[in-house]
Every structure is written in structure tokens, then in C-alpha cells.
Amino acid sequence: MLKQYNVIIESDSDGYFVGTVPELHGCHTQAKSLDTLMRRIREAIDLCLEVEDDSYQQSES
């Protein structure tokens, strides 16, 4: 199943792009380029979803 998430992208004072996914607590990353940021935010989303799934499975046990 395909899921879509909103990503808020900001630029910090050091020139890094910072990406945050508001729907996923603690899901954020940074990079010097937008291409790298988008790759990293996809990885961060995957990791956050994996942690959420593990937490859900443990609570059901």
C-alpha cells in the first residue's frame, strides 16, 4: 500500500536543508542538497514506520 506524507523543508543558518514529517513523531533529517535531503527523508520515513510497527506489535503481545 502506497502512503504519502507531507514534508516540511526549511533552510537553516548554516545552509543545510532540514526536512520534517509532521505526521511521524521524530521524523526529520538534514542535508546540503535537496536531492540528498529527499533520499534521506525517505529513509527516515521508512525507519519511523518500522519503529511504529514494532511498537504496535509489542503492545498487542
# chains A, B, ... in the order shown; residues from 1 in each chain; ligands from 1

call {"tool": "select_by_dssp", "arguments": {"residues": "chain A", "states": "strand (DSSP E)", "output": "list in words"}}
result
Ile8, Ile9, Glu10, Ser11, Phe17, Val18, Gly19, Thr20, His28, Thr29, Gln30 and Ala31 of chain A

call {"tool": "closest_residue", "arguments": {"among": "A:Thr20, A:Asp14, A:Glu50, A:Leu2", "to": "Met38 of chain A", "atoms": "only C-alpha atoms"}}
result
A:Thr20

call {"tool": "closest_residue", "arguments": {"among": "A:Met1, A:Leu37, A:Leu24, A:Val7", "to": "Leu49 of chain A", "atoms": "only C-alpha atoms"}}
result
A:Leu24

call {"tool": "select_by_dssp", "arguments": {"residues": "chain A", "states": "helix (DSSP H, G or I)", "output": "PyMOL selection string"}}
result
chain A and resi 34-60

call {"tool": "write_last_selection", "arguments": {"atoms": "C-alpha atoms", "output": "short mmCIF file (atom, residue, chain, number, x, y, z; two decimals), in the first residue's frame"}}
result
data_model
loop_
_atom_site.label_atom_id
_atom_site.label_comp_id
_atom_site.auth_asym_id
_atom_site.auth_seq_id
_atom_site.Cartn_x
_atom_site.Cartn_y
_atom_site.Cartn_z
CA LEU A 34 17.64 18.84 -1.88
CA ASP A 35 18.36 15.58 -3.73
CA THR A 36 20.21 14.19 -0.73
CA LEU A 37 17.56 15.51 1.64
CA MET A 38 14.77 13.72 -0.24
CA ARG A 39 16.70 10.44 -0.23
CA ARG A 40 17.38 10.79 3.50
CA ILE A 41 13.78 11.75 4.36
CA ARG A 42 12.53 8.62 2.59
CA GLU A 43 14.94 6.57 4.69
CA ALA A 44 13.80 8.39 7.84
CA ILE A 45 10.14 7.71 7.00
CA ASP A 46 10.89 4.01 6.48
CA LEU A 47 12.68 3.83 9.83
CA CYS A 48 9.92 5.71 11.69
CA LEU A 49 7.27 3.41 10.22
CA GLU A 50 9.34 0.36 11.15
CA VAL A 51 9.64 1.57 14.76
CA GLU A 52 5.91 2.34 14.92
CA ASP A 53 5.10 -1.13 13.56
CA ASP A 54 7.42 -2.78 16.10
CA SER A 55 5.84 -0.77 18.94
CA TYR A 56 2.34 -1.71 17.76
CA GLN A 57 3.22 -5.41 17.57
CA GLN A 58 4.76 -5.37 21.06
CA SER A 59 1.69 -3.69 22.54
CA GLU A 60 -0.52 -6.42 21.07
#

call {"tool": "atom_distance", "arguments": {"atom1": "atom CA of Ile8 of chain A", "atom2": "atom CA of Gly26 of chain A"}}
result
13.0 Å

call {"tool": "atom_distance", "arguments": {"atom1": "atom CA of Cys27 of chain A", "atom2": "atom CA of Ser13 of chain A"}}
result
20.5 Å

call {"tool": "atom_distance", "arguments": {"atom1": "atom CA of Glu10 of chain A", "atom2": "atom CA of Glu23 of chain A"}}
result
16.6 Å
